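Enquirer: Mind having a look at this structure? Questions to follow.
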Protein chains: 2
Amino acid sequence: MIQELKNSYGRQFENTLINDILQVGTFREVSAGYKLIEIGDYIKGMPLLVSGAIKVLREDKEGDELLLYYLEQGDTCSMTMTCCIGQTRSEIRAIAEVDTKLIMIPIRKMEEWTAKYKSWRNFVFESYHSRLNELLITLDSIAFDRMDERLVSYLKEKARVNNEYIIRNTHQEIAQELHSSRVVISRLLKKLEQIDKIELHRNYIKILNL
Amino acid sequence: MIQELKNSYGRQFENTLINDILQVGTFREVSAGYKLIEIGDYIKGMPLLVSGAIKVLREDKEGDELLLYYLEQGDTCSMTMTCCIGQTRSEIRAIAEVDTKLIMIPIRKMEEWTAKYKSWRNFVFESYHSRLNELLITLDSIAFDRMDERLVSYLKEKARVNNEYIIRNTHQEIAQELHSSRVVISRLLKKLEQIDKIELHRNYIKILNL
DNA sequence: TTGTATATGTAACCTTTGTTACTGATAAAT
DNA sequence: ATTTATCAGTAACAAAGGTTACATATACAA
């Protein structure tokens, strides 16, 4: 755990804080697809991502989803932080996008470290900052872009996060994360294939030059 | 200033913090329509809202707007806080919705008080929490609702913030804040009038029973 | 190999939203 | 009172996205 922690956070956290984290943090490894947080859950701890990626999803009244953003190495879940303070329930669902390693911090330490460590304060604030900004980018995309543009952004981002040019999802799954319908996504994907930007296969999509 | 401050924040801030705020804060009164922050601005201070309301807007590439949410008494601008830390530019525009009183805090105090005062930490975290949640609600509305529902929510919220059952805006202005077009909004407003939910007039709308 | 479940392709159609164009109404200015 | 600018109403049309229905393709299991 110590090596993982130092790799991801060694530069920004002072040694005393690293030691504190080693004392109280618990190391977890989860496989792709594992559900870390469900909507309505009370939050037990704050995750520090060491490797991998977690997708954060929102749900509408009908139970349909919408992908908000990914958390990656060095990130933490801002929603979690705010929930901890107020003892409120989670507004979002969090699912491991790939195999992921993380360190869970008990929530009582958050408040303590915020008073004690300048580097922790900076980390928490910067984390809020980037999450707010990612939420703004997601909102821009939904409010201002058409579905074809959103689909291209989605494919690019997914390829980046998964670190390969193959998207291993069905059209149905993609439609769900974009809060659209399968037929619409199939239609737009076919258009992208016709202009040689992607290659369609059963259960996967190969990205050529998006 | 002291009375205004105590009314809005006296319950959550300890007296020493109140005194600190009185020392370094500057009191400001702005009229409805005054632009407090423009996109791209560097942030000079952090606003504590004493009375009134501020609307926070996002802009697309074409320069068209979208209303994100309102800040009201007891609120502060989370975007401002994060911008202060990283010295980045504002991602949003902030305009007084009504005549508004606020106290500006120099940004250097933020970091100091976060270490020093537990109540300040709580305030900052809770502020992030509510802003993230309001952004989520806005996002829900845009991603999941049709324009007619969004329009109804908009009118209700605007009436609440302005504290009257008259919306003093043209259809054009409403269309801009919802990132739609005038004709669409006129059409939907007319439908609302036909089912006796509102009354349309030149330059204002009377809300009957939304 | 054959059957079965699932994924994808596609046409036809509908709803919502946006656009263009024009008309009439209203308020403010002269 | 008349002019002018702005605002609102509405029709006709276009485009995007969603829905239904069905055909075909593919993977996998029996």
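Going by the structure tokens order, chains are called A, B, ..., each with residues numbered from 1, while ligands are numbered from 1 in the order shown.
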Applying 10 Å and only C-alpha atoms (C1' of nucleotides), which residues near DT6 in chain D remain after dropping the ones on its own chain fewer than 4 positions away? List them as a CSV table (one decimal) with N, CA and C atoms (P, O5', C5', C4', C3', O3' and C1' of nucleotides), in the first residue's frame.
Expert:
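selection08.csv written:
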chain,number,residue,atom,x,y,z
C,26,DT,P,-52.9,45.4,-27.2
C,26,DT,O5',-51.7,46.2,-26.6
C,26,DT,C5',-50.6,45.4,-26.2
C,26,DT,C4',-49.4,46.3,-26.0
C,26,DT,C3',-49.7,47.7,-25.3
C,26,DT,O3',-49.0,47.7,-24.1
C,26,DT,C1',-48.3,48.0,-27.2
C,27,DA,P,-49.2,48.8,-23.0
C,27,DA,O5',-47.9,49.6,-23.0
C,27,DA,C5',-46.7,48.9,-23.0
C,27,DA,C4',-45.5,49.8,-23.4
C,27,DA,C3',-45.5,51.1,-22.7
C,27,DA,O3',-44.2,51.4,-22.2
C,27,DA,C1',-45.4,51.4,-25.0
C,28,DA,P,-43.9,52.6,-21.2
C,28,DA,O5',-43.0,53.5,-22.1
C,28,DA,C5',-41.9,52.8,-22.9
C,28,DA,C4',-41.4,53.8,-23.9
C,28,DA,C3',-41.3,55.2,-23.4
C,28,DA,O3',-40.0,55.7,-23.7
C,28,DA,C1',-42.5,55.2,-25.4
Enquirer: Could you give me, as JSON, numbers by chain, each residue of range 2-167 of chain A that DSSP assigns to helix (DSSP H, G or I) when run on this structure's backbone?
Expert: {"A": [2, 3, 4, 5, 6, 7, 8, 9, 15, 16, 17, 18, 19, 20, 21, 22, 23, 24, 78, 79, 80, 81, 82, 83, 84, 85, 86, 107, 108, 109, 110, 111, 112, 113, 114, 115, 116, 118, 119, 120, 121, 122, 123, 124, 125, 126, 127, 128, 129, 130, 131, 132, 133, 134, 135, 136, 137, 138, 139, 140, 141, 142, 143, 144, 147, 148, 149, 150, 151, 152, 153, 154, 155, 156, 157, 158, 159, 160, 161, 162]}
Enquirer: Write out as a ChimeraX atom specification the residues lying within 10 Å of range 3-19 of chain C, counting only C-alpha atoms (C1' of nucleotides) and excluding same-chain residues fewer than 3 positions away.
Expert: /A:170-172,182-183,186-187,190,200-203 /B:146-147,180-184 /D:13-30
Enquirer: Could you find all residues in range 5-202 of chain A that DSSP calls strand (DSSP E) from the backbone, and write them as a PDB file with N, CA and C atoms, in the first residue's frame?
Expert:
ATOM      1  N   THR A  26      -7.669   2.024   4.547  1.00  0.00           N
ATOM      2  CA  THR A  26      -7.701   0.608   4.171  1.00  0.00           C
ATOM      3  C   THR A  26      -7.605   0.494   2.664  1.00  0.00           C
ATOM      4  N   PHE A  27      -6.774  -0.413   2.226  1.00  0.00           N
ATOM      5  CA  PHE A  27      -6.523  -0.609   0.806  1.00  0.00           C
ATOM      6  C   PHE A  27      -7.599  -1.513   0.221  1.00  0.00           C
ATOM      7  N   ARG A  28      -8.113  -1.130  -0.955  1.00  0.00           N
ATOM      8  CA  ARG A  28      -9.123  -1.969  -1.612  1.00  0.00           C
ATOM      9  C   ARG A  28      -8.811  -2.128  -3.086  1.00  0.00           C
ATOM     10  N   GLU A  29      -9.081  -3.326  -3.587  1.00  0.00           N
ATOM     11  CA  GLU A  29      -8.961  -3.575  -5.016  1.00  0.00           C
ATOM     12  C   GLU A  29     -10.309  -4.068  -5.501  1.00  0.00           C
ATOM     13  N   VAL A  30     -10.860  -3.412  -6.517  1.00  0.00           N
ATOM     14  CA  VAL A  30     -12.158  -3.855  -7.040  1.00  0.00           C
ATOM     15  C   VAL A  30     -12.042  -4.090  -8.544  1.00  0.00           C
ATOM     16  N   LYS A  35     -19.845  -2.187  -8.098  1.00  0.00           N
ATOM     17  CA  LYS A  35     -20.564  -0.985  -7.672  1.00  0.00           C
ATOM     18  C   LYS A  35     -20.070  -0.532  -6.311  1.00  0.00           C
ATOM     19  N   LEU A  36     -19.441   0.627  -6.271  1.00  0.00           N
ATOM     20  CA  LEU A  36     -18.861   1.136  -5.026  1.00  0.00           C
ATOM     21  C   LEU A  36     -19.882   1.913  -4.209  1.00  0.00           C
ATOM     22  N   ILE A  37     -20.708   2.706  -4.879  1.00  0.00           N
ATOM     23  CA  ILE A  37     -21.707   3.508  -4.175  1.00  0.00           C
ATOM     24  C   ILE A  37     -23.029   3.457  -4.938  1.00  0.00           C
ATOM     25  N   GLY A  45     -16.863   6.074   3.939  1.00  0.00           N
ATOM     26  CA  GLY A  45     -15.483   6.516   3.831  1.00  0.00           C
ATOM     27  C   GLY A  45     -15.237   7.327   2.591  1.00  0.00           C
ATOM     28  N   MET A  46     -14.049   7.888   2.539  1.00  0.00           N
ATOM     29  CA  MET A  46     -13.695   8.722   1.401  1.00  0.00           C
ATOM     30  C   MET A  46     -12.629   7.994   0.599  1.00  0.00           C
ATOM     31  N   PRO A  47     -12.838   7.818  -0.712  1.00  0.00           N
ATOM     32  CA  PRO A  47     -11.901   7.044  -1.515  1.00  0.00           C
ATOM     33  C   PRO A  47     -10.786   7.902  -2.111  1.00  0.00           C
ATOM     34  N   LEU A  48      -9.548   7.444  -1.997  1.00  0.00           N
ATOM     35  CA  LEU A  48      -8.432   8.057  -2.722  1.00  0.00           C
ATOM     36  C   LEU A  48      -8.054   7.103  -3.834  1.00  0.00           C
ATOM     37  N   LEU A  49      -8.205   7.504  -5.080  1.00  0.00           N
ATOM     38  CA  LEU A  49      -7.909   6.598  -6.193  1.00  0.00           C
ATOM     39  C   LEU A  49      -6.415   6.450  -6.436  1.00  0.00           C
ATOM     40  N   VAL A  50      -5.980   5.217  -6.452  1.00  0.00           N
ATOM     41  CA  VAL A  50      -4.570   4.920  -6.648  1.00  0.00           C
ATOM     42  C   VAL A  50      -4.318   4.531  -8.108  1.00  0.00           C
ATOM     43  N   SER A  51      -5.181   3.696  -8.653  1.00  0.00           N
ATOM     44  CA  SER A  51      -5.094   3.367 -10.080  1.00  0.00           C
ATOM     45  C   SER A  51      -6.470   2.927 -10.560  1.00  0.00           C
ATOM     46  N   ALA A  53     -10.119   3.488 -12.755  1.00  0.00           N
ATOM     47  CA  ALA A  53     -11.059   4.571 -13.011  1.00  0.00           C
ATOM     48  C   ALA A  53     -12.445   4.176 -12.520  1.00  0.00           C
ATOM     49  N   ILE A  54     -13.187   5.171 -12.051  1.00  0.00           N
ATOM     50  CA  ILE A  54     -14.543   4.953 -11.553  1.00  0.00           C
ATOM     51  C   ILE A  54     -15.483   5.873 -12.312  1.00  0.00           C
ATOM     52  N   LYS A  55     -16.581   5.313 -12.798  1.00  0.00           N
ATOM     53  CA  LYS A  55     -17.552   6.182 -13.464  1.00  0.00           C
ATOM     54  C   LYS A  55     -18.638   6.591 -12.483  1.00  0.00           C
ATOM     55  N   VAL A  56     -19.017   7.862 -12.578  1.00  0.00           N
ATOM     56  CA  VAL A  56     -20.029   8.428 -11.686  1.00  0.00           C
ATOM     57  C   VAL A  56     -21.295   8.691 -12.491  1.00  0.00           C
ATOM     58  N   LEU A  57     -22.411   8.120 -12.039  1.00  0.00           N
ATOM     59  CA  LEU A  57     -23.658   8.155 -12.798  1.00  0.00           C
ATOM     60  C   LEU A  57     -24.789   8.808 -12.023  1.00  0.00           C
ATOM     61  N   ARG A  58     -25.673   9.453 -12.752  1.00  0.00           N
ATOM     62  CA  ARG A  58     -26.867  10.077 -12.202  1.00  0.00           C
ATOM     63  C   ARG A  58     -28.073   9.314 -12.735  1.00  0.00           C
ATOM     64  N   GLU A  59     -29.175   9.311 -11.999  1.00  0.00           N
ATOM     65  CA  GLU A  59     -30.351   8.558 -12.420  1.00  0.00           C
ATOM     66  C   GLU A  59     -31.586   9.459 -12.469  1.00  0.00           C
ATOM     67  N   GLU A  65     -30.136   6.028 -16.620  1.00  0.00           N
ATOM     68  CA  GLU A  65     -28.883   6.618 -16.155  1.00  0.00           C
ATOM     69  C   GLU A  65     -28.353   7.731 -17.056  1.00  0.00           C
ATOM     70  N   LEU A  66     -27.335   8.395 -16.542  1.00  0.00           N
ATOM     71  CA  LEU A  66     -26.575   9.376 -17.312  1.00  0.00           C
ATOM     72  C   LEU A  66     -25.171   9.430 -16.726  1.00  0.00           C
ATOM     73  N   LEU A  67     -24.179   9.250 -17.586  1.00  0.00           N
ATOM     74  CA  LEU A  67     -22.786   9.322 -17.130  1.00  0.00           C
ATOM     75  C   LEU A  67     -22.412  10.769 -16.842  1.00  0.00           C
ATOM     76  N   LEU A  68     -21.883  11.019 -15.645  1.00  0.00           N
ATOM     77  CA  LEU A  68     -21.451  12.376 -15.313  1.00  0.00           C
ATOM     78  C   LEU A  68     -19.976  12.579 -15.638  1.00  0.00           C
ATOM     79  N   TYR A  69     -19.118  11.756 -15.054  1.00  0.00           N
ATOM     80  CA  TYR A  69     -17.670  11.875 -15.321  1.00  0.00           C
ATOM     81  C   TYR A  69     -16.940  10.673 -14.743  1.00  0.00           C
ATOM     82  N   TYR A  70     -15.656  10.608 -15.015  1.00  0.00           N
ATOM     83  CA  TYR A  70     -14.817   9.542 -14.461  1.00  0.00           C
ATOM     84  C   TYR A  70     -13.906  10.094 -13.377  1.00  0.00           C
ATOM     85  N   LEU A  71     -13.662   9.292 -12.360  1.00  0.00           N
ATOM     86  CA  LEU A  71     -12.614   9.595 -11.383  1.00  0.00           C
ATOM     87  C   LEU A  71     -11.406   8.748 -11.739  1.00  0.00           C
ATOM     88  N   GLU A  72     -10.214   9.349 -11.662  1.00  0.00           N
ATOM     89  CA  GLU A  72      -9.005   8.600 -12.016  1.00  0.00           C
ATOM     90  C   GLU A  72      -7.934   8.741 -10.946  1.00  0.00           C
ATOM     91  N   ARG A  93     -24.389   7.267  -8.303  1.00  0.00           N
ATOM     92  CA  ARG A  93     -23.939   5.884  -8.310  1.00  0.00           C
ATOM     93  C   ARG A  93     -22.488   5.881  -8.782  1.00  0.00           C
ATOM     94  N   ALA A  94     -21.648   5.040  -8.176  1.00  0.00           N
ATOM     95  CA  ALA A  94     -20.239   4.965  -8.588  1.00  0.00           C
ATOM     96  C   ALA A  94     -19.888   3.514  -8.892  1.00  0.00           C
ATOM     97  N   ILE A  95     -19.412   3.276 -10.107  1.00  0.00           N
ATOM     98  CA  ILE A  95     -19.089   1.925 -10.561  1.00  0.00           C
ATOM     99  C   ILE A  95     -17.691   1.920 -11.150  1.00  0.00           C
ATOM    100  N   ALA A  96     -16.895   0.916 -10.783  1.00  0.00           N
ATOM    101  CA  ALA A  96     -15.544   0.805 -11.333  1.00  0.00           C
ATOM    102  C   ALA A  96     -15.634   0.599 -12.844  1.00  0.00           C
ATOM    103  N   THR A 100      -9.668  -1.425 -10.354  1.00  0.00           N
ATOM    104  CA  THR A 100      -9.304  -0.180  -9.674  1.00  0.00           C
ATOM    105  C   THR A 100      -8.755  -0.436  -8.278  1.00  0.00           C
ATOM    106  N   LYS A 101      -7.707   0.320  -7.927  1.00  0.00           N
ATOM    107  CA  LYS A 101      -7.144   0.259  -6.571  1.00  0.00           C
ATOM    108  C   LYS A 101      -7.394   1.580  -5.876  1.00  0.00           C
ATOM    109  N   LEU A 102      -7.846   1.500  -4.628  1.00  0.00           N
ATOM    110  CA  LEU A 102      -8.099   2.739  -3.893  1.00  0.00           C
ATOM    111  C   LEU A 102      -7.877   2.568  -2.403  1.00  0.00           C
ATOM    112  N   ILE A 103      -7.717   3.689  -1.729  1.00  0.00           N
ATOM    113  CA  ILE A 103      -7.531   3.705  -0.282  1.00  0.00           C
ATOM    114  C   ILE A 103      -8.732   4.411   0.332  1.00  0.00           C
ATOM    115  N   MET A 104      -9.366   3.726   1.293  1.00  0.00           N
ATOM    116  CA  MET A 104     -10.545   4.326   1.923  1.00  0.00           C
ATOM    117  C   MET A 104     -10.132   4.984   3.243  1.00  0.00           C
ATOM    118  N   ILE A 105     -10.563   6.246   3.385  1.00  0.00           N
ATOM    119  CA  ILE A 105     -10.257   7.015   4.594  1.00  0.00           C
ATOM    120  C   ILE A 105     -11.531   7.134   5.421  1.00  0.00           C
ATOM    121  N   PRO A 106     -11.481   6.834   6.724  1.00  0.00           N
ATOM    122  CA  PRO A 106     -12.683   7.020   7.553  1.00  0.00           C
ATOM    123  C   PRO A 106     -13.063   8.499   7.584  1.00  0.00           C
ATOM    124  N   ILE A 166     -10.338   0.329 -28.342  1.00  0.00           N
ATOM    125  CA  ILE A 166     -11.502  -0.530 -28.486  1.00  0.00           C
ATOM    126  C   ILE A 166     -12.499  -0.176 -27.385  1.00  0.00           C
ATOM    127  N   ILE A 167     -13.729   0.086 -27.779  1.00  0.00           N
ATOM    128  CA  ILE A 167     -14.787   0.334 -26.808  1.00  0.00           C
ATOM    129  C   ILE A 167     -15.578  -0.957 -26.664  1.00  0.00           C
ATOM    130  N   ILE A 198     -14.788   5.136 -37.236  1.00  0.00           N
ATOM    131  CA  ILE A 198     -14.801   3.960 -36.369  1.00  0.00           C
ATOM    132  C   ILE A 198     -15.118   2.711 -37.193  1.00  0.00           C
ATOM    133  N   GLU A 199     -14.975   1.552 -36.554  1.00  0.00           N
ATOM    134  CA  GLU A 199     -15.303   0.271 -37.168  1.00  0.00           C
ATOM    135  C   GLU A 199     -16.243  -0.444 -36.220  1.00  0.00           C
ATOM    136  N   LEU A 200     -17.397  -0.859 -36.699  1.00  0.00           N
ATOM    137  CA  LEU A 200     -18.385  -1.493 -35.827  1.00  0.00           C
ATOM    138  C   LEU A 200     -18.271  -3.019 -35.858  1.00  0.00           C
ATOM    139  N   HIS A 201     -18.351  -3.621 -34.678  1.00  0.00           N
ATOM    140  CA  HIS A 201     -18.381  -5.070 -34.547  1.00  0.00           C
ATOM    141  C   HIS A 201     -19.387  -5.431 -33.482  1.00  0.00           C
TER     142      HIS A 201
END
Enquirer: Tell me, as a count of residues only, which residues lie within 12 Å of DC22 in chain C, counting only C-alpha atoms (C1' of nucleotides); anything in the same chain fewer than 5 positions away does not count.
Expert: 4
Enquirer: If I take CA of Thr88 in chain B and CA of Tyr42 in chain B, how far is one from the other in Å, to one decimal?
Expert: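 It comes out at 6.7 Å.
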Enquirer: Report as a ChimeraX atom specification all protein, DNA and RNA residues lying within 9 Å of Thr138 in chain A, evaluated on only C-alpha atoms (C1' of nucleotides), omitting residues in the same chain fewer than 3 positions from it.
Expert: /A:67-69,133-135,141-143 /B:139
Enquirer: Could you make a table, as JSON lines, of the residues of chain A that have an atom within 8 Å of an atom of chain B, each with its nearest atom pair and distance in Å to one decimal, counting only C-alpha atoms, in chain and number order?
Expert:
{"residue": "A:Asp60", "atom": "CA", "partner": "B:Phe144", "partner_atom": "CA", "distance": 6.6}
{"residue": "A:Met79", "atom": "CA", "partner": "B:His129", "partner_atom": "CA", "distance": 7.5}
{"residue": "A:Thr82", "atom": "CA", "partner": "B:His129", "partner_atom": "CA", "distance": 5.1}
{"residue": "A:Cys83", "atom": "CA", "partner": "B:His129", "partner_atom": "CA", "distance": 7.6}
{"residue": "A:Ile85", "atom": "CA", "partner": "B:Phe125", "partner_atom": "CA", "distance": 7.5}
{"residue": "A:Gly86", "atom": "CA", "partner": "B:Glu126", "partner_atom": "CA", "distance": 7.5}
{"residue": "A:Thr114", "atom": "CA", "partner": "B:Ala115", "partner_atom": "CA", "distance": 7.0}
{"residue": "A:Ala115", "atom": "CA", "partner": "B:Ala115", "partner_atom": "CA", "distance": 4.6}
{"residue": "A:Lys116", "atom": "CA", "partner": "B:Ala115", "partner_atom": "CA", "distance": 7.1}
{"residue": "A:Lys118", "atom": "CA", "partner": "B:Ala115", "partner_atom": "CA", "distance": 7.9}
{"residue": "A:Asn122", "atom": "CA", "partner": "B:Ile85", "partner_atom": "CA", "distance": 7.8}
{"residue": "A:Phe125", "atom": "CA", "partner": "B:Thr82", "partner_atom": "CA", "distance": 6.4}
{"residue": "A:Glu126", "atom": "CA", "partner": "B:Thr82", "partner_atom": "CA", "distance": 6.9}
{"residue": "A:Tyr128", "atom": "CA", "partner": "B:Thr82", "partner_atom": "CA", "distance": 7.3}
{"residue": "A:His129", "atom": "CA", "partner": "B:Thr82", "partner_atom": "CA", "distance": 5.1}
{"residue": "A:Leu132", "atom": "CA", "partner": "B:Leu132", "partner_atom": "CA", "distance": 7.0}
{"residue": "A:Leu135", "atom": "CA", "partner": "B:Leu135", "partner_atom": "CA", "distance": 7.9}
{"residue": "A:Leu139", "atom": "CA", "partner": "B:Leu139", "partner_atom": "CA", "distance": 6.1}
{"residue": "A:Asp140", "atom": "CA", "partner": "B:Asp60", "partner_atom": "CA", "distance": 7.2}
{"residue": "A:Ile142", "atom": "CA", "partner": "B:Ala143", "partner_atom": "CA", "distance": 6.4}
{"residue": "A:Ala143", "atom": "CA", "partner": "B:Ile142", "partner_atom": "CA", "distance": 6.4}
{"residue": "A:Phe144", "atom": "CA", "partner": "B:Asp60", "partner_atom": "CA", "distance": 6.6}
{"residue": "A:His179", "atom": "CA", "partner": "B:Ala143", "partner_atom": "CA", "distance": 7.9}
Enquirer: Report, in Å to a single decimal, how far apart CA of Ala175 in chain A and CA of Lys191 in chain A are.
Expert: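 Computed distance, CA of Lys191 in chain A to CA of Ala175 in chain A, equals 15.5 Å.
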Enquirer: Please, what distance in Å, to one decimal, runs between CA of Ala159 in chain A and CA of Lys197 in chain A?
Expert: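 Interatomic distance, CA of Ala159 in chain A to CA of Lys197 in chain A: 13.5 Å.
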